[in-house]
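Working notes, structure below.
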Amino acid sequence: MTTQARHIRLELAREPGHPQGDADTGYDIVAFLDDTGRLNLETCRAEVARCRVRRFVDGQTAAVGQLRHTTGDRWLLDFPDDAQDATGFHLGDETFVTGEYVSMIDHDGTAHTYVVKRVEEI
């Protein structure tokens, strides 16, 4: 099984207040995926400095931080300002394939769904 570093682009999917979604709000994630498109825990832990995340709002960078595995199946989008942290909902079970959906839970407990717009080899 090959593990590749990938750039994953997540954009806000349709939700109340955003009936068409919002391509200017989301996350750019650099992480290691296996051949099935799932996060590779071992490699992400070994290469933690390379597992980066950028949060963007209105098309502008709002925060830059790290993708970190914590406990169980919990993945944290860890930003210097804890008020911007987000947790991936079953992120370790997700397959990062264009068109799939991923849920994130904001620091305040609000869940949002994002569509995987792009997955590119780095």
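Going by the structure tokens order, chains are called A, B, ..., each with residues numbered from 1, while ligands are numbered from 1 in the order shown.
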Considering only C-alpha atoms, tabulate each residue of segment 3-51 of chain A that lies at most 12 Å from segment 109-117 of chain A along with its nearest interatomic pair and the corresponding distance in Å to one decimal; arrange the rows by chain and ascending residue number and present them as a Markdown table.
| residue | atom | partner | partner_atom | distance |
| --- | --- | --- | --- | --- |
| A:His7 | CA | A:Lys117 | CA | 10.6 |
| A:Ile8 | CA | A:Val116 | CA | 7.1 |
| A:Arg9 | CA | A:Lys117 | CA | 5.5 |
| A:Leu10 | CA | A:Val116 | CA | 4.7 |
| A:Glu11 | CA | A:Tyr114 | CA | 5.1 |
| A:Leu12 | CA | A:Tyr114 | CA | 4.4 |
| A:Ala13 | CA | A:Tyr114 | CA | 4.8 |
| A:Arg14 | CA | A:Thr113 | CA | 7.7 |
| A:Glu15 | CA | A:Thr113 | CA | 7.7 |
| A:Pro16 | CA | A:His112 | CA | 10.1 |
| A:Gly17 | CA | A:His112 | CA | 11.6 |
| A:His18 | CA | A:His112 | CA | 11.0 |
| A:Gln20 | CA | A:Val115 | CA | 11.7 |
| A:Gly21 | CA | A:Tyr114 | CA | 8.6 |
| A:Asp22 | CA | A:Tyr114 | CA | 9.3 |
| A:Ala23 | CA | A:Lys117 | CA | 9.1 |
| A:Asp24 | CA | A:Tyr114 | CA | 11.6 |
| A:Thr25 | CA | A:Tyr114 | CA | 9.2 |
| A:Gly26 | CA | A:Tyr114 | CA | 7.2 |
| A:Tyr27 | CA | A:Tyr114 | CA | 8.7 |
| A:Asp28 | CA | A:Val116 | CA | 10.0 |
| A:Ile29 | CA | A:Val116 | CA | 10.7 |
| A:Gly37 | CA | A:Val116 | CA | 11.6 |
Exercise for review: Quick one: pick out all helix (DSSP H, G or I) residues within segment 12-116 of chain A from a backbone DSSP run and write them as a ChimeraX atom specification.
Suggested key: /A:41-46,48-50,82-84,91-93
Check your understanding: With distances taken over only C-alpha atoms, which of A:Phe89, A:His69, A:Val119, A:Phe56 is nearest to Glu42 of chain A?
Key ->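 Looking only at the distances to Glu42 of chain A, the closest residue turns out to be A:His69.
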Check your understanding: What's the 12 Å shell around His90 of chain A, counting only C-alpha atoms, without same-chain residues fewer than 4 positions away, as a ChimeraX atom specification?
Key -> /A:38-39,69,71-76,94-95,101-105
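Counting only C-alpha atoms, the residue from A:Gly92, A:Gln66, A:Ala86, A:Arg55 that sits nearest to Leu41 of chain A is A:Gly92.
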Exercise for review: Quote the spacing between atom CA of Gly65 of chain A and atom CA of Arg45 of chain A in Å to one decimal place.
Suggested key: 15.0 Å
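Coordinates place atom CA of Thr43 of chain A at a distance of 9.2 Å from atom CA of Gln4 of chain A.
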Review point. How far is it from atom CA of Phe79 of chain A to atom CA of Asp93 of chain A, in Å with one decimal?
Key: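 For atom CA of Phe79 of chain A relative to atom CA of Asp93 of chain A, the distance reads 22.4 Å.
Using only C-alpha atoms, the smallest distance between any of A:Val57, A:Thr3, A:Leu77, A:Gly88 and Cys44 of chain A comes from A:Thr3.
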